Amino acid sequence: MNTIKSYDYTVVEKKWQDKWFKDRIYEAKKDGGKKFFIHFAYPGVSGYLHVGHMRGFTYCDIIARYKRMSGYNVLFPAGFHASGIPSVAFAKKVERGDRETIALLQKNGCSDEIIKKLSDPREVVHYFSKVYVEDYWKRFGFLIDYSRLMDTISKGYNRFIQWQFHKLYQKNLLIQKPHFAPYCPQCGPVAVDKSETDVSKGGNAEILEFTIIKFKMRDGTILPAATLRPETIFGVTNMWVNPDAIYQKIRIDNEIWICSKECTKKLSYQMENIELLYEEVKGKDLVGKTCFVPLINREIPILSGTFADPNIATGLVMSVPAHAPYDWIALVESKKDIDPIQIIDVKGFGTNPAKEVCEQLNIHSQTETEKLDQATEILYKKEFHTGFLNENCGVYAGIKVSDIKDQVRNDLIEKKLATVMREFSEEVICRCGEKVVIKQIPDQWFIKYSDENLTEMSKQHVSSMNIYPQEYKEEMPKVLEWFDDRAVIRKGSWLGTEFPFKKDWIIEPISDSTLYPAYYIVSKYVNENKIISDEMTNEFFDYIFLGIGKAKNNTWRTIRSDFEYWYPVDINLGGKEHKTVHFPVFLMNHVAVMPERKWPKGIFVHWWVTQKGREKISKSKGGAEPIPQAATTYGVDAMRLYYAHVGSPFVDVEWDPEVVNKYKNRIINIWKFINQLIKTRSTKEDKHLDKWLKSIINRRIQKIIDAFEKYDIRVASNEIFFEIQKDLQWYLKRNGGNKKLLEETITTWIKLMTPIIPHLAEEIWHILGRKNYISNETYPTPNPMDISEEDELGEQLISQTIKDIHEILKVTRIKAKKIHIYTASSWKHKMMQQAIELEKENKLDMKNLMKTAISELEMKDLGKEVSSYANKIIGEIKKMNESDKKQYTIPIDEKKHLEQSVDFLKKEFSTDFEIHKADEKNIYDPMKRAKLAVPLRPAIFIE
RNA sequence: GCAGGGGUAGCCAAGCCUGGCCAACGGCGACAGACUCAAGAUCUGUUCCUGUAGAGGUUCAGGAGUUCAAAUCUCCUCCCCUGCACCA
């Protein structure tokens, strides 16, 4: 029995992959039938992937394989997203000999010669593209159409993107306006994001918009106070300056401002017309002077406040002691006699909310920043959601804070009493060591996603799409509504397509990845050298995608007809990180550029594989198992089954080697089990059992297909790998052994498995003597003729009876000498059916039931027993659902079924059995059990 | 702040849309038995509580409600998570 050794998954998997790929069974063929176009959001190519990434890819291959086997021509292409900074960053690391990077490459078997080449970003892209194809996708047996591989930095693709932007321009969806973006004075534009590719600190920073309110001093000089709560202007009692900070005078347009030195530098990137006056003002020299609150022209003192940080915004803070805990505490510490002015009425607080919350948290000093931050948050939230501006607020009195915030700000700006300054929520440091600032780009280009027409059409289209999970379908219209204009070009060292309307500016990587599935139609011909990039003009794409103009040659016509056949995309599959960026732009660009019948038909979003503790697996943390290593350790089929079955696609799962190992055992177990079944020599037929097996397998097939049609891969795999195996085990346990039937069932079974574990299925297929590929076979469909309700019910009767006997034995702890089983009297069956009939007509009650029952002659004699049974089932039936009721209408000879199985029962309980029917005369029934028997629940007596 | 997701037995995780097939799929773990020299693997059974006859009781974050009937619908409360733009 060392079949375990005979399943060498490494060899088997390699063997079939070689054959599939040599025979190019993956190539999409259009033969006029139904088509299905599926792809995954193509990955960036700037490093090795990990086992988490394989989850989505695997779903895609499973769906594609299922569809192939279900009679569709499937197009499942793949490509590489090469634009942006990542590959440039990687190349830079190699160039400067970053030890970690080099070690990673070496560990993955990269030769020194290749490593040398990888200081070129384009080589990085090519190297990793090859790794993905050979070590990941082919290694997992994916039937991707490898003849269509492409990346986003090829010439042809560039032409394609430029065409797209011409179209957007023509449709007035490209607009220009000022934009503010992170910028390193040394390196130029940088990306601030959690993975911190560009920055060494502050990846979590957000860009905050401070309102800068202009407080005039007596000499006309402006003190610009920065605030996130402009509506509190009516409660200002004083100004805070940091006595130890150095402030500077600057001229902006015709105004003279005083702000911190640090602020000057930042502002110079955000505003035009800033002129340094080279005049410093010490903070402590401002203390004691006064200034005027704009709008209400109240004169207020300037006080010393050490918490006013020159690094944050302007370094000047307006003081609202009634509503800002910091201000309140500073005011207390200053010992000045100033009355706070309450301007917001909020439930649960009195005339000075800031004071009250400080007292609650026991705060006494400006230095207790942690508590003060907490106090600020509590108060702010409360006031924002439930507060109203009071009579001190002039025209704004009586309005809810949450409704008024932006209005106060806009009014102030309109009256030129305020302006806006952008600031990071925390310090951001570039990889070069320089502080990152926010820079204004006055004429940035945007794609106008806010366009009403575009948004509306996209939203409407969503309702006709297949979007999984359902929750995302409901979310999508809201996302589209919320999605704002997106800046699309950038100047700097990164890869991508040159923007056609501004030389040397490159289209950013999200915007060049929206229509790309359409390019898979073209890439095949590019790869086969049937068309060269120079030929791919705007006229070319107009013809291919829009049918405008004339074909220049036959290749054009062929590509056009391919596009007409394959497009639109049926499923675009991607991780949940794409929900709010990639999928919306994917949809909206199609709506903007393509004709309506080419708009996407479906989106499938999957969740992640995380590290233990729910952390996202990250490349930088290196915590993830390399894919080829995992494939060797567990086997590809085991990993595919793991992804398919471990959880719903719509939850995160934790990567746990032990769990994956269980699936590996499962694969070996299935291998052994099937081989054992194949060896069955017996040709014994058992009419009932064989019919039962056929019937139950047919039901499974129906359920599996239903699940697959909804892409419910987990349910499908549960049925295939767990439920069917249980059925077969029951068949064997019941002593079934019809070789012919078993072989048929196995054939069906491995076909069912093929989309999920194609290698093992293919191997067994050939062991069974088949010469073609199971991967090209047709997926099983249920045959209604094979359904036998009676035989299924019979088996259910047996297993229910066994369960009952077990329970009795357990509770009573008797050792059985002999077990008697009594099936219910015929009149009980009859009455049950009558009752169900009456229920259907809504006439079920005691009177009607008894009337119907008594009309049957034999029941007359039974008297009381009849009425008490009738009483009992009336209640029961009312609680039954349709399938419960249906069971009782299936004609079944319980006694016959039990008698057929008596040998099995004897073996199961190692004891003697006798089957009786309750209405037989003179049966052995010392404990008077027989009368307790009811349909489908025979009475039991154990002696 | 904006938009969204979620809290189910020791753990992971179905079910919730379309209320009754639900003591609640499946897996893992645990326990018992089988196979075995043994270990692993595999197979069978048990795994909320009670129970000497197949039963009963109490459960699906907490609270209130709708209903003949609620894990499932409604409302409130508490707690956790995700995305938010020049990052792919």
# chains A, B, ... in the order shown; residues from 1 in each chain; ligands from 1

$ residues_around --residues "Ser463 in chain A" --least-positions-apart "5" --cutoff "10 Å" --atoms "only C-alpha atoms (C1' of nucleotides)" --output "list in words"
Ser458, Lys473, Glu474, Met476 and Pro477 of chain A

$ write_last_selection --atoms "N, CA and C atoms" --output "PDB file, in the first residue's frame"
ATOM      1  N   SER A 458     -22.028  55.819 -16.124  1.00  0.00           N
ATOM      2  CA  SER A 458     -21.297  54.726 -15.471  1.00  0.00           C
ATOM      3  C   SER A 458     -22.153  54.095 -14.387  1.00  0.00           C
ATOM      4  N   LYS A 473     -21.278  45.695  -5.615  1.00  0.00           N
ATOM      5  CA  LYS A 473     -22.168  46.227  -6.645  1.00  0.00           C
ATOM      6  C   LYS A 473     -22.987  47.393  -6.093  1.00  0.00           C
ATOM      7  N   GLU A 474     -23.387  47.255  -4.844  1.00  0.00           N
ATOM      8  CA  GLU A 474     -24.159  48.334  -4.232  1.00  0.00           C
ATOM      9  C   GLU A 474     -23.277  49.537  -3.893  1.00  0.00           C
ATOM     10  N   MET A 476     -20.513  50.444  -5.560  1.00  0.00           N
ATOM     11  CA  MET A 476     -19.903  51.039  -6.742  1.00  0.00           C
ATOM     12  C   MET A 476     -20.520  52.383  -7.159  1.00  0.00           C
ATOM     13  N   PRO A 477     -21.835  52.515  -7.244  1.00  0.00           N
ATOM     14  CA  PRO A 477     -22.380  53.814  -7.642  1.00  0.00           C
ATOM     15  C   PRO A 477     -21.945  54.938  -6.702  1.00  0.00           C
TER      16      PRO A 477
END

$ interface_residues --of "chain B" --to "chain A" --cutoff "10 Å" --atoms "only C-alpha atoms (C1' of nucleotides)" --output "ChimeraX atom specification"
/B:1-6,12-14,17,20-21,25-28,41-43,45,51-54,68-69,81-88

$ select_by_dssp --residues "range 525-741 of chain A" --states "strand (DSSP E or B)" --output "ChimeraX atom specification"
/A:571-575,602-606,609-610,616,626,653-654

$ write_last_selection --atoms "N, CA and C atoms" --output "PDB file, in the first residue's frame"
ATOM      1  N   ILE A 571     -15.241  39.320 -17.173  1.00  0.00           N
ATOM      2  CA  ILE A 571     -14.837  39.452 -15.765  1.00  0.00           C
ATOM      3  C   ILE A 571     -13.456  40.090 -15.690  1.00  0.00           C
ATOM      4  N   ASN A 572     -13.388  41.156 -14.908  1.00  0.00           N
ATOM      5  CA  ASN A 572     -12.095  41.715 -14.522  1.00  0.00           C
ATOM      6  C   ASN A 572     -11.942  41.393 -13.051  1.00  0.00           C
ATOM      7  N   LEU A 573     -10.903  40.647 -12.716  1.00  0.00           N
ATOM      8  CA  LEU A 573     -10.752  40.165 -11.351  1.00  0.00           C
ATOM      9  C   LEU A 573      -9.577  40.859 -10.683  1.00  0.00           C
ATOM     10  N   GLY A 574      -9.797  41.330  -9.473  1.00  0.00           N
ATOM     11  CA  GLY A 574      -8.698  41.986  -8.768  1.00  0.00           C
ATOM     12  C   GLY A 574      -8.930  42.017  -7.270  1.00  0.00           C
ATOM     13  N   GLY A 575      -7.889  42.338  -6.535  1.00  0.00           N
ATOM     14  CA  GLY A 575      -7.951  42.370  -5.077  1.00  0.00           C
ATOM     15  C   GLY A 575      -8.745  43.559  -4.562  1.00  0.00           C
ATOM     16  N   GLY A 602     -18.473  42.531 -16.163  1.00  0.00           N
ATOM     17  CA  GLY A 602     -18.362  41.998 -14.808  1.00  0.00           C
ATOM     18  C   GLY A 602     -17.070  42.342 -14.097  1.00  0.00           C
ATOM     19  N   ILE A 603     -17.178  42.369 -12.783  1.00  0.00           N
ATOM     20  CA  ILE A 603     -16.010  42.603 -11.930  1.00  0.00           C
ATOM     21  C   ILE A 603     -16.068  41.606 -10.785  1.00  0.00           C
ATOM     22  N   PHE A 604     -14.920  41.053 -10.467  1.00  0.00           N
ATOM     23  CA  PHE A 604     -14.852  40.126  -9.344  1.00  0.00           C
ATOM     24  C   PHE A 604     -13.766  40.627  -8.403  1.00  0.00           C
ATOM     25  N   VAL A 605     -14.145  40.903  -7.174  1.00  0.00           N
ATOM     26  CA  VAL A 605     -13.176  41.408  -6.198  1.00  0.00           C
ATOM     27  C   VAL A 605     -12.876  40.319  -5.181  1.00  0.00           C
ATOM     28  N   HIS A 606     -11.605  40.042  -4.982  1.00  0.00           N
ATOM     29  CA  HIS A 606     -11.271  39.069  -3.939  1.00  0.00           C
ATOM     30  C   HIS A 606     -10.491  39.746  -2.825  1.00  0.00           C
ATOM     31  N   VAL A 609      -4.745  37.241   1.128  1.00  0.00           N
ATOM     32  CA  VAL A 609      -4.110  36.302   2.053  1.00  0.00           C
ATOM     33  C   VAL A 609      -3.222  37.169   2.934  1.00  0.00           C
ATOM     34  N   THR A 610      -3.416  37.083   4.218  1.00  0.00           N
ATOM     35  CA  THR A 610      -2.636  37.932   5.117  1.00  0.00           C
ATOM     36  C   THR A 610      -1.639  37.096   5.908  1.00  0.00           C
ATOM     37  N   LYS A 616      -1.139  42.621   6.344  1.00  0.00           N
ATOM     38  CA  LYS A 616      -0.995  42.405   4.914  1.00  0.00           C
ATOM     39  C   LYS A 616       0.403  41.853   4.656  1.00  0.00           C
ATOM     40  N   PRO A 626       8.297  32.406  -0.749  1.00  0.00           N
ATOM     41  CA  PRO A 626       8.416  32.533  -2.206  1.00  0.00           C
ATOM     42  C   PRO A 626       7.570  31.472  -2.903  1.00  0.00           C
ATOM     43  N   VAL A 653      -7.876  35.696   4.420  1.00  0.00           N
ATOM     44  CA  VAL A 653      -7.485  34.458   5.107  1.00  0.00           C
ATOM     45  C   VAL A 653      -6.030  34.581   5.544  1.00  0.00           C
ATOM     46  N   GLU A 654      -5.725  33.927   6.642  1.00  0.00           N
ATOM     47  CA  GLU A 654      -4.362  33.968   7.141  1.00  0.00           C
ATOM     48  C   GLU A 654      -3.553  32.833   6.532  1.00  0.00           C
TER      49      GLU A 654
END

$ decode --residues "range 41-75 of chain B" --atoms "N, CA and C atoms (P, O5', C5', C4', C3', O3' and C1' of nucleotides)" --output "CSV table (one decimal), in the first residue's frame"
chain,number,residue,atom,x,y,z
B,41,A,P,-0.8,12.8,11.1
B,41,A,O5',-1.2,12.1,9.8
B,41,A,C5',-0.7,12.7,8.5
B,41,A,C4',-1.0,11.7,7.4
B,41,A,C3',-2.5,11.3,7.3
B,41,A,O3',-3.2,12.2,6.5
B,41,A,C1',-1.1,9.3,7.2
B,42,U,P,-4.7,12.5,6.9
B,42,U,O5',-5.4,11.1,6.5
B,42,U,C5',-5.5,10.6,5.2
B,42,U,C4',-6.0,9.2,5.1
B,42,U,C3',-7.4,9.0,5.8
B,42,U,O3',-8.4,9.4,4.9
B,42,U,C1',-5.9,7.3,6.5
B,43,C,P,-9.7,10.0,5.5
B,43,C,O5',-10.5,8.8,6.1
B,43,C,C5',-10.9,7.7,5.2
B,43,C,C4',-11.4,6.6,6.0
B,43,C,C3',-12.5,6.9,7.0
B,43,C,O3',-13.8,7.1,6.4
B,43,C,C1',-10.9,5.6,8.0
B,44,U,P,-14.8,8.1,7.0
B,44,U,O5',-15.3,7.4,8.3
B,44,U,C5',-16.0,6.2,8.2
B,44,U,C4',-16.4,5.7,9.6
B,44,U,C3',-17.0,6.7,10.5
B,44,U,O3',-18.4,6.9,10.3
B,44,U,C1',-15.3,5.6,11.7
B,45,G,P,-19.0,8.4,10.5
B,45,G,O5',-19.1,8.4,12.1
B,45,G,C5',-19.9,7.6,12.8
B,45,G,C4',-19.6,7.6,14.3
B,45,G,C3',-19.7,9.0,14.9
B,45,G,O3',-21.1,9.4,15.2
B,45,G,C1',-17.8,8.0,15.7
B,46,U,P,-21.5,10.9,15.4
B,46,U,O5',-20.8,11.3,16.7
B,46,U,C5',-21.3,10.8,18.0
B,46,U,C4',-20.4,11.4,19.1
B,46,U,C3',-20.4,12.9,19.1
B,46,U,O3',-21.5,13.5,19.8
B,46,U,C1',-18.2,12.0,19.4
B,47,U,P,-21.9,14.9,19.3
B,47,U,O5',-20.8,15.8,19.8
B,47,U,C5',-20.5,15.9,21.3
B,47,U,C4',-19.2,16.8,21.5
B,47,U,C3',-19.3,18.2,20.8
B,47,U,O3',-20.0,19.1,21.6
B,47,U,C1',-17.2,17.2,20.4
B,48,C,P,-20.9,20.2,20.8
B,48,C,O5',-21.2,21.2,22.1
B,48,C,C5',-20.2,22.0,22.6
B,48,C,C4',-20.9,22.9,23.7
B,48,C,C3',-21.6,22.1,24.8
B,48,C,O3',-20.7,21.8,25.8
B,48,C,C1',-23.0,23.8,23.9
B,49,C,P,-20.9,20.4,26.6
B,49,C,O5',-22.1,20.7,27.5
B,49,C,C5',-22.1,21.6,28.6
B,49,C,C4',-23.5,21.7,29.2
B,49,C,C3',-24.1,20.4,29.6
B,49,C,O3',-23.6,19.9,30.9
B,49,C,C1',-25.7,21.7,28.5
B,50,U,P,-23.5,18.4,31.1
B,50,U,O5',-25.0,18.0,31.3
B,50,U,C5',-25.8,18.4,32.4
B,50,U,C4',-27.2,18.0,32.3
B,50,U,C3',-27.5,16.5,32.1
B,50,U,O3',-27.4,15.9,33.3
B,50,U,C1',-28.8,17.7,30.5
B,51,G,P,-27.0,14.3,33.3
B,51,G,O5',-28.2,13.7,32.5
B,51,G,C5',-29.5,13.5,33.0
B,51,G,C4',-30.4,12.9,32.0
B,51,G,C3',-30.0,11.5,31.6
B,51,G,O3',-30.5,10.5,32.5
B,51,G,C1',-30.6,12.8,29.7
B,52,U,P,-29.6,9.3,32.8
B,52,U,O5',-30.4,8.1,32.0
B,52,U,C5',-30.4,8.1,30.6
B,52,U,C4',-30.8,6.7,30.2
B,52,U,C3',-32.2,6.3,30.6
B,52,U,O3',-32.9,6.3,29.3
B,52,U,C1',-30.7,4.6,31.4
B,53,A,P,-34.4,6.6,29.1
B,53,A,O5',-34.3,6.3,27.5
B,53,A,C5',-33.7,7.2,26.6
B,53,A,C4',-34.3,6.8,25.2
B,53,A,C3',-35.8,7.0,25.1
B,53,A,O3',-36.1,7.8,24.0
B,53,A,C1',-35.1,4.8,24.5
B,54,G,P,-36.2,9.4,24.1
B,54,G,O5',-35.6,9.8,22.7
B,54,G,C5',-34.2,9.9,22.5
B,54,G,C4',-33.8,9.7,21.1
B,54,G,C3',-34.7,10.2,20.0
B,54,G,O3',-34.4,11.5,19.8
B,54,G,C1',-34.2,8.0,19.5
B,55,A,P,-35.4,12.6,18.9
B,55,A,O5',-36.0,13.3,20.2
B,55,A,C5',-37.2,12.9,20.8
B,55,A,C4',-37.2,13.3,22.2
B,55,A,C3',-37.0,14.8,22.5
B,55,A,O3',-38.2,15.5,22.3
B,55,A,C1',-35.6,13.6,23.9
B,56,G,P,-38.1,17.0,21.9
B,56,G,O5',-37.6,17.8,23.2
B,56,G,C5',-38.4,17.8,24.3
B,56,G,C4',-37.6,18.3,25.5
B,56,G,C3',-37.0,19.7,25.4
B,56,G,O3',-38.0,20.7,25.7
B,56,G,C1',-35.4,18.2,26.3
B,57,G,P,-37.7,22.2,25.1
B,57,G,O5',-36.5,22.7,25.9
B,57,G,C5',-36.6,23.0,27.3
B,57,G,C4',-35.2,23.4,27.9
B,57,G,C3',-34.6,24.6,27.3
B,57,G,O3',-35.2,25.8,27.9
B,57,G,C1',-33.0,22.9,27.4
B,58,U,P,-35.2,27.1,27.0
B,58,U,O5',-33.7,27.6,26.9
B,58,U,C5',-33.0,28.2,28.0
B,58,U,C4',-31.6,28.4,27.6
B,58,U,C3',-31.3,29.2,26.4
B,58,U,O3',-31.4,30.6,26.6
B,58,U,C1',-30.0,27.3,26.3
B,59,U,P,-31.6,31.6,25.3
B,59,U,O5',-30.1,31.6,24.8
B,59,U,C5',-29.9,31.8,23.4
B,59,U,C4',-28.4,31.4,23.1
B,59,U,C3',-27.9,31.9,21.8
B,59,U,O3',-27.5,33.3,21.9
B,59,U,C1',-27.3,29.7,22.1
B,60,C,P,-28.0,34.3,20.8
B,60,C,O5',-26.9,34.1,19.7
B,60,C,C5',-25.5,34.4,19.9
B,60,C,C4',-24.8,34.3,18.6
B,60,C,C3',-25.2,35.4,17.6
B,60,C,O3',-24.1,36.1,17.3
B,60,C,C1',-25.4,33.2,16.7
B,61,A,P,-24.1,37.6,17.0
B,61,A,O5',-23.5,38.3,18.3
B,61,A,C5',-22.3,37.8,18.9
B,61,A,C4',-21.9,38.7,20.0
B,61,A,C3',-23.0,39.3,20.8
B,61,A,O3',-23.4,38.4,21.9
B,61,A,C1',-21.6,41.0,20.1
B,62,G,P,-24.9,38.4,22.3
B,62,G,O5',-25.2,39.8,23.0
B,62,G,C5',-24.6,40.1,24.3
B,62,G,C4',-25.0,41.5,24.7
B,62,G,C3',-26.6,41.7,24.7
B,62,G,O3',-27.2,41.2,25.8
B,62,G,C1',-25.5,43.5,23.6
B,63,G,P,-28.7,40.8,25.7
B,63,G,O5',-29.5,42.1,25.4
B,63,G,C5',-29.7,43.1,26.5
B,63,G,C4',-30.4,44.3,26.0
B,63,G,C3',-31.7,44.1,25.4
B,63,G,O3',-32.7,44.0,26.4
B,63,G,C1',-30.5,45.6,24.1
B,64,A,P,-34.1,43.2,26.0
B,64,A,O5',-34.8,44.2,25.0
B,64,A,C5',-35.5,45.3,25.5
B,64,A,C4',-36.0,46.2,24.4
B,64,A,C3',-37.1,45.6,23.5
B,64,A,O3',-38.4,45.6,24.1
B,64,A,C1',-35.4,46.6,22.2
B,65,G,P,-39.4,44.5,23.6
B,65,G,O5',-39.7,44.8,22.1
B,65,G,C5',-40.5,45.8,21.7
B,65,G,C4',-40.4,46.1,20.2
B,65,G,C3',-41.2,45.1,19.3
B,65,G,O3',-42.5,45.4,19.3
B,65,G,C1',-39.0,45.6,18.4
B,66,U,P,-43.6,44.2,18.9
B,66,U,O5',-43.3,44.0,17.4
B,66,U,C5',-43.8,44.9,16.4
B,66,U,C4',-43.5,44.4,15.0
B,66,U,C3',-44.1,43.1,14.8
B,66,U,O3',-45.5,43.1,14.4
B,66,U,C1',-41.9,43.1,14.0
B,67,U,P,-46.5,42.2,15.1
B,67,U,O5',-46.2,40.7,14.5
B,67,U,C5',-46.2,40.5,13.1
B,67,U,C4',-45.6,39.2,12.8
B,67,U,C3',-46.1,38.0,13.6
B,67,U,O3',-47.4,37.5,13.2
B,67,U,C1',-43.8,37.9,13.4
B,68,C,P,-48.5,37.1,14.3
B,68,C,O5',-47.9,35.7,14.9
B,68,C,C5',-48.4,35.2,16.0
B,68,C,C4',-47.9,33.7,16.2
B,68,C,C3',-46.4,33.6,16.1
B,68,C,O3',-45.8,33.9,17.3
B,68,C,C1',-47.4,32.0,14.7
B,69,A,P,-44.4,34.7,17.4
B,69,A,O5',-43.4,33.8,16.5
B,69,A,C5',-42.9,32.6,17.1
B,69,A,C4',-42.0,31.9,16.1
B,69,A,C3',-40.8,32.7,15.7
B,69,A,O3',-39.7,32.6,16.6
B,69,A,C1',-41.8,31.8,13.8
B,70,A,P,-38.7,33.8,16.9
B,70,A,O5',-37.8,33.8,15.6
B,70,A,C5',-36.9,32.8,15.3
B,70,A,C4',-35.6,33.5,14.8
B,70,A,C3',-35.0,34.3,15.8
B,70,A,O3',-33.9,33.7,16.5
B,70,A,C1',-35.4,35.6,13.8
B,71,A,P,-32.8,32.7,15.9
B,71,A,O5',-31.6,33.5,15.3
B,71,A,C5',-30.6,34.1,16.2
B,71,A,C4',-29.5,34.8,15.3
B,71,A,C3',-30.0,35.6,14.2
B,71,A,O3',-30.3,36.9,14.6
B,71,A,C1',-28.4,34.1,13.4
B,72,U,P,-31.1,37.9,13.6
B,72,U,O5',-30.2,37.8,12.3
B,72,U,C5',-30.4,38.7,11.2
B,72,U,C4',-30.6,37.9,9.9
B,72,U,C3',-31.8,38.2,9.1
B,72,U,O3',-31.3,38.8,7.9
B,72,U,C1',-31.5,35.9,9.3
B,73,C,P,-31.0,40.4,7.9
B,73,C,O5',-32.5,41.0,8.0
B,73,C,C5',-33.3,41.1,6.8
B,73,C,C4',-34.5,41.9,7.2
B,73,C,C3',-34.3,43.1,8.1
B,73,C,O3',-34.0,44.2,7.3
B,73,C,C1',-36.0,41.8,9.0
B,74,U,P,-33.0,45.3,7.9
B,74,U,O5',-34.0,46.1,8.9
B,74,U,C5',-35.1,46.8,8.4
B,74,U,C4',-35.8,47.5,9.6
B,74,U,C3',-34.8,48.3,10.5
B,74,U,O3',-34.5,49.6,10.0
B,74,U,C1',-36.3,47.0,11.8
B,75,C,P,-33.1,50.3,10.3
B,75,C,O5',-33.3,50.7,11.8
B,75,C,C5',-34.2,51.7,12.2
B,75,C,C4',-34.3,51.9,13.7
B,75,C,C3',-32.9,52.0,14.4
B,75,C,O3',-32.5,53.4,14.3
B,75,C,C1',-34.2,50.4,15.5
